[in-house]
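Below is the file my_file_37.pdb, which contains PDB, C-alpha atoms and all ligand atoms.
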```pdb
MODEL        1
ATOM      1  CA  MET S   1     -51.463 -52.725  44.887  1.00  0.00           C
ATOM      2  CA  ASP S   2     -52.659 -49.314  43.590  1.00  0.00           C
ATOM      3  CA  LYS S   3     -51.047 -48.089  40.380  1.00  0.00           C
ATOM      4  CA  ILE S   4     -48.897 -44.950  40.667  1.00  0.00           C
ATOM      5  CA  ASP S   5     -50.398 -41.969  38.871  1.00  0.00           C
ATOM      6  CA  PRO S   6     -47.305 -40.367  37.177  1.00  0.00           C
ATOM      7  CA  ARG S   7     -48.727 -36.850  37.396  1.00  0.00           C
ATOM      8  CA  ARG S   8     -49.502 -37.178  41.132  1.00  0.00           C
ATOM      9  CA  PHE S   9     -46.040 -38.599  41.638  1.00  0.00           C
ATOM     10  CA  LEU S  10     -44.494 -35.565  39.938  1.00  0.00           C
ATOM     11  CA  ILE S  11     -46.649 -33.171  41.977  1.00  0.00           C
ATOM     12  CA  SER S  12     -45.575 -34.856  45.198  1.00  0.00           C
ATOM     13  CA  LEU S  13     -41.930 -34.420  44.133  1.00  0.00           C
ATOM     14  CA  LYS S  14     -42.682 -30.762  43.497  1.00  0.00           C
ATOM     15  CA  ASN S  15     -44.153 -30.492  46.998  1.00  0.00           C
ATOM     16  CA  MET S  16     -40.883 -31.886  48.288  1.00  0.00           C
ATOM     17  CA  GLY S  17     -39.042 -29.031  46.581  1.00  0.00           C
ATOM     18  CA  ILE S  18     -37.778 -30.985  43.548  1.00  0.00           C
ATOM     19  CA  ASP S  19     -38.991 -28.341  41.126  1.00  0.00           C
ATOM     20  CA  SER S  20     -36.635 -28.578  38.211  1.00  0.00           C
ATOM     21  CA  TYR S  21     -37.122 -32.312  37.816  1.00  0.00           C
ATOM     22  CA  VAL S  22     -40.892 -31.885  37.830  1.00  0.00           C
ATOM     23  CA  SER S  23     -40.800 -28.994  35.371  1.00  0.00           C
ATOM     24  CA  GLN S  24     -38.556 -30.812  32.958  1.00  0.00           C
ATOM     25  CA  ARG S  25     -40.626 -33.968  33.146  1.00  0.00           C
ATOM     26  CA  GLU S  26     -43.886 -32.075  32.623  1.00  0.00           C
ATOM     27  CA  ASN S  27     -42.497 -30.298  29.589  1.00  0.00           C
ATOM     28  CA  VAL S  28     -41.100 -33.456  28.073  1.00  0.00           C
ATOM     29  CA  VAL S  29     -44.509 -35.033  28.437  1.00  0.00           C
ATOM     30  CA  THR S  30     -46.872 -32.208  27.632  1.00  0.00           C
ATOM     31  CA  LEU S  31     -45.432 -29.552  25.286  1.00  0.00           C
ATOM     32  CA  PRO S  32     -44.793 -32.049  22.475  1.00  0.00           C
ATOM     33  CA  LEU S  33     -48.293 -33.397  22.980  1.00  0.00           C
ATOM     34  CA  LEU S  34     -49.764 -29.919  22.723  1.00  0.00           C
ATOM     35  CA  ARG S  35     -47.696 -29.306  19.588  1.00  0.00           C
ATOM     36  CA  LYS S  36     -49.103 -32.494  18.081  1.00  0.00           C
ATOM     37  CA  GLN S  37     -52.673 -31.459  18.964  1.00  0.00           C
ATOM     38  CA  VAL S  38     -52.156 -28.097  17.254  1.00  0.00           C
ATOM     39  CA  SER S  39     -50.686 -29.703  14.137  1.00  0.00           C
ATOM     40  CA  GLU S  40     -53.824 -31.856  13.806  1.00  0.00           C
ATOM     41  CA  CYS S  41     -56.351 -29.237  14.991  1.00  0.00           C
ATOM     42  CA  ARG S  42     -59.470 -28.568  12.939  1.00  0.00           C
ATOM     43  CA  LYS S  43     -61.391 -26.498  15.498  1.00  0.00           C
ATOM     44  CA  CYS S  44     -61.887 -23.548  13.166  1.00  0.00           C
ATOM     45  CA  SER S  45     -62.126 -22.911   9.443  1.00  0.00           C
ATOM     46  CA  LEU S  46     -58.469 -21.842   9.137  1.00  0.00           C
ATOM     47  CA  ALA S  47     -57.531 -25.519   9.161  1.00  0.00           C
ATOM     48  CA  ALA S  48     -58.866 -25.753   5.603  1.00  0.00           C
ATOM     49  CA  THR S  49     -56.611 -23.001   4.202  1.00  0.00           C
ATOM     50  CA  ARG S  50     -53.368 -23.429   6.169  1.00  0.00           C
ATOM     51  CA  THR S  51     -50.260 -25.135   4.818  1.00  0.00           C
ATOM     52  CA  ASN S  52     -48.825 -25.731   8.286  1.00  0.00           C
ATOM     53  CA  ALA S  53     -50.016 -24.914  11.771  1.00  0.00           C
ATOM     54  CA  VAL S  54     -47.422 -22.792  13.588  1.00  0.00           C
ATOM     55  CA  PHE S  55     -47.141 -23.885  17.201  1.00  0.00           C
ATOM     56  CA  GLY S  56     -44.265 -21.607  18.198  1.00  0.00           C
ATOM     57  CA  GLU S  57     -40.611 -22.202  19.006  1.00  0.00           C
ATOM     58  CA  GLY S  58     -37.832 -21.429  21.414  1.00  0.00           C
ATOM     59  CA  SER S  59     -36.832 -22.550  24.860  1.00  0.00           C
ATOM     60  CA  ASN S  60     -39.388 -24.619  26.764  1.00  0.00           C
ATOM     61  CA  ARG S  61     -38.025 -22.968  29.933  1.00  0.00           C
ATOM     62  CA  ALA S  62     -37.947 -19.425  28.540  1.00  0.00           C
ATOM     63  CA  GLN S  63     -38.111 -16.560  31.005  1.00  0.00           C
ATOM     64  CA  LEU S  64     -39.394 -14.280  28.273  1.00  0.00           C
ATOM     65  CA  LEU S  65     -42.279 -15.222  25.982  1.00  0.00           C
ATOM     66  CA  PHE S  66     -43.367 -13.160  22.951  1.00  0.00           C
ATOM     67  CA  ILE S  67     -46.913 -13.397  21.600  1.00  0.00           C
ATOM     68  CA  GLY S  68     -47.774 -12.108  18.139  1.00  0.00           C
ATOM     69  CA  GLU S  69     -51.014 -12.171  16.184  1.00  0.00           C
ATOM     70  CA  ALA S  70     -51.026 -14.985  13.617  1.00  0.00           C
ATOM     71  CA  PRO S  71     -48.706 -16.640  11.091  1.00  0.00           C
ATOM     72  CA  GLY S  72     -48.113 -14.832   7.799  1.00  0.00           C
ATOM     73  CA  GLU S  73     -47.357 -16.327   4.392  1.00  0.00           C
ATOM     74  CA  GLU S  74     -43.760 -17.348   5.082  1.00  0.00           C
ATOM     75  CA  GLU S  75     -44.621 -18.703   8.538  1.00  0.00           C
ATOM     76  CA  ASP S  76     -47.457 -20.768   7.057  1.00  0.00           C
ATOM     77  CA  LEU S  77     -45.095 -22.252   4.471  1.00  0.00           C
ATOM     78  CA  GLN S  78     -42.307 -23.040   6.936  1.00  0.00           C
ATOM     79  CA  GLY S  79     -44.429 -23.903   9.997  1.00  0.00           C
ATOM     80  CA  ARG S  80     -42.296 -21.533  12.105  1.00  0.00           C
ATOM     81  CA  PRO S  81     -43.180 -18.216  13.772  1.00  0.00           C
ATOM     82  CA  PHE S  82     -41.728 -14.847  12.703  1.00  0.00           C
ATOM     83  CA  VAL S  83     -39.485 -15.975   9.860  1.00  0.00           C
ATOM     84  CA  GLY S  84     -40.254 -13.263   7.278  1.00  0.00           C
ATOM     85  CA  ARG S  85     -39.183  -9.602   7.313  1.00  0.00           C
ATOM     86  CA  ALA S  86     -41.059  -8.971  10.548  1.00  0.00           C
ATOM     87  CA  GLY S  87     -39.246 -11.960  12.042  1.00  0.00           C
ATOM     88  CA  LYS S  88     -35.877 -10.412  11.220  1.00  0.00           C
ATOM     89  CA  PHE S  89     -36.965  -7.293  13.064  1.00  0.00           C
ATOM     90  CA  LEU S  90     -38.064  -9.391  16.035  1.00  0.00           C
ATOM     91  CA  ASP S  91     -34.587 -10.980  16.026  1.00  0.00           C
ATOM     92  CA  GLN S  92     -33.105  -7.479  16.351  1.00  0.00           C
ATOM     93  CA  MET S  93     -35.448  -6.740  19.245  1.00  0.00           C
ATOM     94  CA  ILE S  94     -34.336  -9.917  21.015  1.00  0.00           C
ATOM     95  CA  GLU S  95     -30.682  -9.021  20.421  1.00  0.00           C
ATOM     96  CA  ARG S  96     -31.275  -5.631  22.044  1.00  0.00           C
ATOM     97  CA  ILE S  97     -32.299  -7.466  25.212  1.00  0.00           C
ATOM     98  CA  GLY S  98     -29.033  -9.390  25.059  1.00  0.00           C
ATOM     99  CA  LEU S  99     -30.681 -12.718  24.304  1.00  0.00           C
ATOM    100  CA  ARG S 100     -30.727 -15.215  21.438  1.00  0.00           C
ATOM    101  CA  ARG S 101     -33.855 -16.372  19.684  1.00  0.00           C
ATOM    102  CA  ASP S 102     -33.467 -19.876  21.135  1.00  0.00           C
ATOM    103  CA  GLU S 103     -33.429 -18.458  24.682  1.00  0.00           C
ATOM    104  CA  VAL S 104     -36.958 -16.988  24.460  1.00  0.00           C
ATOM    105  CA  PHE S 105     -40.244 -18.511  23.303  1.00  0.00           C
ATOM    106  CA  ILE S 106     -42.134 -17.038  20.347  1.00  0.00           C
ATOM    107  CA  CYS S 107     -45.732 -17.849  19.457  1.00  0.00           C
ATOM    108  CA  ASN S 108     -48.957 -16.303  18.186  1.00  0.00           C
ATOM    109  CA  VAL S 109     -52.572 -16.045  19.293  1.00  0.00           C
ATOM    110  CA  LEU S 110     -53.712 -17.949  16.193  1.00  0.00           C
ATOM    111  CA  LYS S 111     -51.738 -20.994  15.163  1.00  0.00           C
ATOM    112  CA  CYS S 112     -52.967 -20.959  11.537  1.00  0.00           C
ATOM    113  CA  ARG S 113     -52.703 -18.222   8.920  1.00  0.00           C
ATOM    114  CA  PRO S 114     -55.818 -16.171   8.154  1.00  0.00           C
ATOM    115  CA  PRO S 115     -56.219 -15.864   4.344  1.00  0.00           C
ATOM    116  CA  ASN S 116     -54.509 -12.765   2.922  1.00  0.00           C
ATOM    117  CA  ASN S 117     -53.206 -11.946   6.416  1.00  0.00           C
ATOM    118  CA  ARG S 118     -56.554 -10.473   7.454  1.00  0.00           C
ATOM    119  CA  ASP S 119     -57.219  -9.774  11.145  1.00  0.00           C
ATOM    120  CA  PRO S 120     -58.227 -12.779  13.274  1.00  0.00           C
ATOM    121  CA  GLU S 121     -61.977 -13.286  13.605  1.00  0.00           C
ATOM    122  CA  PRO S 122     -63.355 -13.482  17.191  1.00  0.00           C
ATOM    123  CA  VAL S 123     -64.605 -17.029  16.555  1.00  0.00           C
ATOM    124  CA  GLU S 124     -61.076 -18.104  15.520  1.00  0.00           C
ATOM    125  CA  VAL S 125     -59.503 -16.489  18.561  1.00  0.00           C
ATOM    126  CA  GLU S 126     -62.014 -18.218  20.815  1.00  0.00           C
ATOM    127  CA  ALA S 127     -61.295 -21.601  19.205  1.00  0.00           C
ATOM    128  CA  CYS S 128     -57.519 -21.202  19.443  1.00  0.00           C
ATOM    129  CA  LYS S 129     -57.070 -19.345  22.737  1.00  0.00           C
ATOM    130  CA  ASP S 130     -56.751 -22.446  24.929  1.00  0.00           C
ATOM    131  CA  TYR S 131     -53.571 -23.491  23.112  1.00  0.00           C
ATOM    132  CA  LEU S 132     -51.958 -20.175  24.011  1.00  0.00           C
ATOM    133  CA  LEU S 133     -53.093 -20.412  27.633  1.00  0.00           C
ATOM    134  CA  SER S 134     -51.668 -23.941  27.853  1.00  0.00           C
ATOM    135  CA  GLN S 135     -48.346 -22.735  26.422  1.00  0.00           C
ATOM    136  CA  LEU S 136     -48.181 -20.034  29.106  1.00  0.00           C
ATOM    137  CA  GLU S 137     -48.946 -22.559  31.814  1.00  0.00           C
ATOM    138  CA  LEU S 138     -46.425 -25.142  30.613  1.00  0.00           C
ATOM    139  CA  ILE S 139     -43.559 -22.762  29.899  1.00  0.00           C
ATOM    140  CA  GLY S 140     -44.204 -20.528  32.923  1.00  0.00           C
ATOM    141  CA  PRO S 141     -42.301 -17.431  31.750  1.00  0.00           C
ATOM    142  CA  LYS S 142     -41.238 -14.651  34.085  1.00  0.00           C
ATOM    143  CA  ILE S 143     -42.294 -11.989  31.575  1.00  0.00           C
ATOM    144  CA  ILE S 144     -44.691 -11.851  28.624  1.00  0.00           C
ATOM    145  CA  CYS S 145     -44.186  -9.347  25.807  1.00  0.00           C
ATOM    146  CA  THR S 146     -47.261  -8.945  23.622  1.00  0.00           C
ATOM    147  CA  LEU S 147     -46.625  -7.759  20.058  1.00  0.00           C
ATOM    148  CA  GLY S 148     -49.447  -5.582  18.709  1.00  0.00           C
ATOM    149  CA  LYS S 149     -52.945  -5.209  20.079  1.00  0.00           C
ATOM    150  CA  HIS S 150     -54.384  -8.669  19.333  1.00  0.00           C
ATOM    151  CA  ALA S 151     -52.302 -10.638  21.825  1.00  0.00           C
ATOM    152  CA  TYR S 152     -53.003  -8.141  24.613  1.00  0.00           C
ATOM    153  CA  ASN S 153     -56.719  -7.908  23.834  1.00  0.00           C
ATOM    154  CA  THR S 154     -57.031 -11.704  23.676  1.00  0.00           C
ATOM    155  CA  LEU S 155     -55.433 -12.258  27.082  1.00  0.00           C
ATOM    156  CA  PHE S 156     -57.384  -9.509  28.828  1.00  0.00           C
ATOM    157  CA  GLY S 157     -60.661  -9.779  26.887  1.00  0.00           C
ATOM    158  CA  VAL S 158     -60.598  -6.067  26.013  1.00  0.00           C
ATOM    159  CA  ASP S 159     -60.483  -3.961  22.851  1.00  0.00           C
ATOM    160  CA  GLU S 160     -57.612  -1.522  23.403  1.00  0.00           C
ATOM    161  CA  LYS S 161     -55.628   0.392  20.820  1.00  0.00           C
ATOM    162  CA  ILE S 162     -51.916  -0.424  20.725  1.00  0.00           C
ATOM    163  CA  THR S 163     -50.986   3.268  21.022  1.00  0.00           C
ATOM    164  CA  ARG S 164     -52.767   3.387  24.411  1.00  0.00           C
ATOM    165  CA  ILE S 165     -51.262   0.240  25.924  1.00  0.00           C
ATOM    166  CA  ARG S 166     -47.734   0.131  24.447  1.00  0.00           C
ATOM    167  CA  GLY S 167     -45.041   0.393  27.116  1.00  0.00           C
ATOM    168  CA  VAL S 168     -47.479   0.209  30.056  1.00  0.00           C
ATOM    169  CA  LEU S 169     -46.251  -2.561  32.345  1.00  0.00           C
ATOM    170  CA  THR S 170     -49.018  -4.741  33.743  1.00  0.00           C
ATOM    171  CA  SER S 171     -49.415  -8.369  34.783  1.00  0.00           C
ATOM    172  CA  TYR S 172     -51.343 -11.389  33.583  1.00  0.00           C
ATOM    173  CA  LYS S 173     -52.103 -14.091  36.172  1.00  0.00           C
ATOM    174  CA  GLY S 174     -49.120 -12.933  38.207  1.00  0.00           C
ATOM    175  CA  ILE S 175     -46.726 -12.790  35.211  1.00  0.00           C
ATOM    176  CA  LYS S 176     -45.310  -9.373  34.307  1.00  0.00           C
ATOM    177  CA  LEU S 177     -46.545  -8.290  30.894  1.00  0.00           C
ATOM    178  CA  LEU S 178     -45.185  -5.515  28.686  1.00  0.00           C
ATOM    179  CA  PRO S 179     -47.083  -4.676  25.476  1.00  0.00           C
ATOM    180  CA  THR S 180     -45.128  -3.300  22.545  1.00  0.00           C
ATOM    181  CA  TYR S 181     -45.625  -2.750  18.817  1.00  0.00           C
ATOM    182  CA  HIS S 182     -45.794  -5.634  16.365  1.00  0.00           C
ATOM    183  CA  PRO S 183     -42.605  -5.883  14.242  1.00  0.00           C
ATOM    184  CA  ALA S 184     -44.710  -5.763  11.036  1.00  0.00           C
ATOM    185  CA  PHE S 185     -46.151  -2.412  12.183  1.00  0.00           C
ATOM    186  CA  LEU S 186     -42.620  -1.137  12.815  1.00  0.00           C
ATOM    187  CA  LEU S 187     -41.566  -1.982   9.261  1.00  0.00           C
ATOM    188  CA  ARG S 188     -44.261   0.443   8.097  1.00  0.00           C
ATOM    189  CA  ASN S 189     -43.764   3.008  10.882  1.00  0.00           C
ATOM    190  CA  GLN S 190     -40.042   3.557  11.377  1.00  0.00           C
ATOM    191  CA  ASN S 191     -40.740   6.614  13.538  1.00  0.00           C
ATOM    192  CA  ARG S 192     -42.015   4.254  16.282  1.00  0.00           C
ATOM    193  CA  VAL S 193     -38.849   2.163  16.471  1.00  0.00           C
ATOM    194  CA  LYS S 194     -37.303   4.334  19.200  1.00  0.00           C
ATOM    195  CA  GLU S 195     -40.187   3.452  21.545  1.00  0.00           C
ATOM    196  CA  VAL S 196     -39.596  -0.249  20.966  1.00  0.00           C
ATOM    197  CA  TRP S 197     -35.906   0.072  21.822  1.00  0.00           C
ATOM    198  CA  GLU S 198     -37.049   1.659  25.103  1.00  0.00           C
ATOM    199  CA  ASP S 199     -39.348  -1.307  25.698  1.00  0.00           C
ATOM    200  CA  MET S 200     -36.521  -3.767  25.018  1.00  0.00           C
ATOM    201  CA  GLU S 201     -34.322  -1.945  27.519  1.00  0.00           C
ATOM    202  CA  ARG S 202     -37.162  -2.214  30.040  1.00  0.00           C
ATOM    203  CA  LEU S 203     -37.447  -5.965  29.394  1.00  0.00           C
ATOM    204  CA  LYS S 204     -33.701  -6.318  29.922  1.00  0.00           C
ATOM    205  CA  GLN S 205     -34.003  -4.651  33.320  1.00  0.00           C
ATOM    206  CA  LEU S 206     -37.093  -6.677  34.307  1.00  0.00           C
ATOM    207  CA  LEU S 207     -35.276  -9.896  33.490  1.00  0.00           C
ATOM    208  CA  ARG S 208     -32.425  -8.874  35.787  1.00  0.00           C
ATOM    209  CA  GLU S 209     -34.746  -8.136  38.734  1.00  0.00           C
TER     210      GLU S 209
HETATM  211  S1  LIG L 301     -56.297 -21.494  14.151  1.00  0.00           S
HETATM  212 FE1  LIG L 301     -56.172 -22.615  16.091  1.00  0.00          FE
HETATM  213  S2  LIG L 301     -58.253 -23.386  16.454  1.00  0.00           S
HETATM  214 FE2  LIG L 301     -58.113 -22.825  14.267  1.00  0.00          FE
HETATM  215  S3  LIG L 301     -57.538 -24.766  13.241  1.00  0.00           S
HETATM  216 FE3  LIG L 301     -55.645 -23.605  13.687  1.00  0.00          FE
HETATM  217  S4  LIG L 301     -54.928 -24.435  15.637  1.00  0.00           S
HETATM  218 FE4  LIG L 301     -57.086 -25.015  15.438  1.00  0.00          FE
ENDMDL
END
```
Just give me the structure as structure tokens.
Ligand code: SF4
Amino acid sequence: MDKIDPRRFLISLKNMGIDSYVSQRENVVTLPLLRKQVSECRKCSLAATRTNAVFGEGSNRAQLLFIGEAPGEEEDLQGRPFVGRAGKFLDQMIERIGLRRDEVFICNVLKCRPPNNRDPEPVEVEACKDYLLSQLELIGPKIICTLGKHAYNTLFGVDEKITRIRGVLTSYKGIKLLPTYHPAFLLRNQNRVKEVWEDMERLKQLLRE
């Protein structure tokens, strides 16, 4: 007798309309595996200088997924995304939407900290990008919110300035995407905070639709 392929079995259940079971099963099987791969990854030179890889955290079924640039010093030490001052600001942004941190998913383009928080190098982004794409596929959010220019430019393969793209609703592979400022930028540019509150209000409405 032929052996049952578990993945094909799950897909056939999905075809029968048993979506939630399939989604939960896939996540149980694959997100932890991806997390493990990232924790052991040595695909670029940042592996040599990191303390911890930062996979991301939040709900595996999140409707809203935030993507930042790369871990900073505190994130590298704790192995968690957005835990420093910028992280506290991101928490406020999430609260504005009426959600809790554990109801969204938060990750970065790069999973390891660039030394001295320098900008990601193209070769590092190229090496790490597949992890982000897999996270999007596995979590399947309704809306993506990119924080700063790097996340947006990585997904679309462009080189836009954040001031040009911020607040302009678009879509990525059929998922609504709203770019906004990076919380670290907002700590240095308080005069831009009002625009971010507008973006959070927009996200709140999009989630209701
Ligand atoms: S930054 Fe990404 S590609 Fe580079 S070592 Fe870390 S996980 Fe791997």
>> Going by the chain IDs and residue numbers used in this file, which residues fall under the PyMOL selection byres (((chain S and resi 172) around 12) and not hetatm)? Write them as number ranges by chain.
In response: S: 133, 136-137, 140-146, 151-157, 169-171, 173-179
Selection to disk with C-alpha atoms, as a short mmCIF file (atom, residue, chain, number, x, y, z; two decimals), in the frame of the given file:
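Result file follows (selection-v4.cif):
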```
data_model
loop_
_atom_site.label_atom_id
_atom_site.label_comp_id
_atom_site.auth_asym_id
_atom_site.auth_seq_id
_atom_site.Cartn_x
_atom_site.Cartn_y
_atom_site.Cartn_z
CA LEU S 133 -53.09 -20.41 27.63
CA LEU S 136 -48.18 -20.03 29.11
CA GLU S 137 -48.95 -22.56 31.81
CA GLY S 140 -44.20 -20.53 32.92
CA PRO S 141 -42.30 -17.43 31.75
CA LYS S 142 -41.24 -14.65 34.08
CA ILE S 143 -42.29 -11.99 31.58
CA ILE S 144 -44.69 -11.85 28.62
CA CYS S 145 -44.19 -9.35 25.81
CA THR S 146 -47.26 -8.94 23.62
CA ALA S 151 -52.30 -10.64 21.82
CA TYR S 152 -53.00 -8.14 24.61
CA ASN S 153 -56.72 -7.91 23.83
CA THR S 154 -57.03 -11.70 23.68
CA LEU S 155 -55.43 -12.26 27.08
CA PHE S 156 -57.38 -9.51 28.83
CA GLY S 157 -60.66 -9.78 26.89
CA LEU S 169 -46.25 -2.56 32.34
CA THR S 170 -49.02 -4.74 33.74
CA SER S 171 -49.42 -8.37 34.78
CA LYS S 173 -52.10 -14.09 36.17
CA GLY S 174 -49.12 -12.93 38.21
CA ILE S 175 -46.73 -12.79 35.21
CA LYS S 176 -45.31 -9.37 34.31
CA LEU S 177 -46.54 -8.29 30.89
CA LEU S 178 -45.18 -5.52 28.69
CA PRO S 179 -47.08 -4.68 25.48
#
```
> Which polymer residues have any atom within 10 Å of an atom of segment 68-84 of chain S, counting all atoms listed in the file, with same-chain residues fewer than 2 positions away left out, as a ChimeraX atom specification?
Replying inline: /S:39,49-58,66,86-91,105-120,125,145-152,154,181-184
>> Just want the residues within 6 Å of ligand LIG 301 (chain L), written as a ChimeraX atom specification, counting all atoms listed in the file.
In response: /S:38,41-44,46-47,110-112,124,127-128
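Compared by their closest atoms to Glu198 of chain S, and using all atoms listed in the file, the residues S:Lys161, S:Arg61, S:Arg96, S:Arg35 rank with S:Arg96 nearest.
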> Hey, can you check how far atom CA of Gly167 of chain S sits from atom CA of Gln190 of chain S?
Replying inline: 16.8 Å
> Excluding same-chain residues fewer than 2 positions from Val104 of chain S, what lies within 7 Å of it counting only C-alpha atoms, as a VMD selection string?
Replying inline: chain S and resid 58 to 59 62 to 65 101 to 102 106
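For the atom pair formed by atom CA of Glu209 of chain S and atom CA of Arg192 of chain S, the distance is 26.7 Å, given to one decimal.
Straight-line separation from atom CA of Gln37 of chain S to atom CA of Ile67 of chain S: 19.1 Å.
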Provide an axis-aligned box for all listed atoms of segment 70-73 of chain S, padding each side by 5 Å; report its centre and its edge lengths in Å to one decimal, as JSON.
```
{"center_x": -49.2, "center_y": -15.7, "center_z": 9.0, "size_x": 13.7, "size_y": 11.8, "size_z": 19.2}
```
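Considering all atoms listed in the file, the residue among S:Gly98, S:Leu34, S:Asn189, S:Glu40 positioned nearest to Lys204 of chain S is S:Gly98.
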>> I'd like to know which of S:Arg85, S:Arg208, S:Arg202, S:Lys129 is closest to Leu186 of chain S, using all atoms listed in the file.
In response: S:Arg85
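Between Met200 of chain S and the residues S:Ser45, S:Leu99, S:Tyr131, S:Arg164, the shortest atom-to-atom distance, using all atoms listed in the file, involves S:Leu99.
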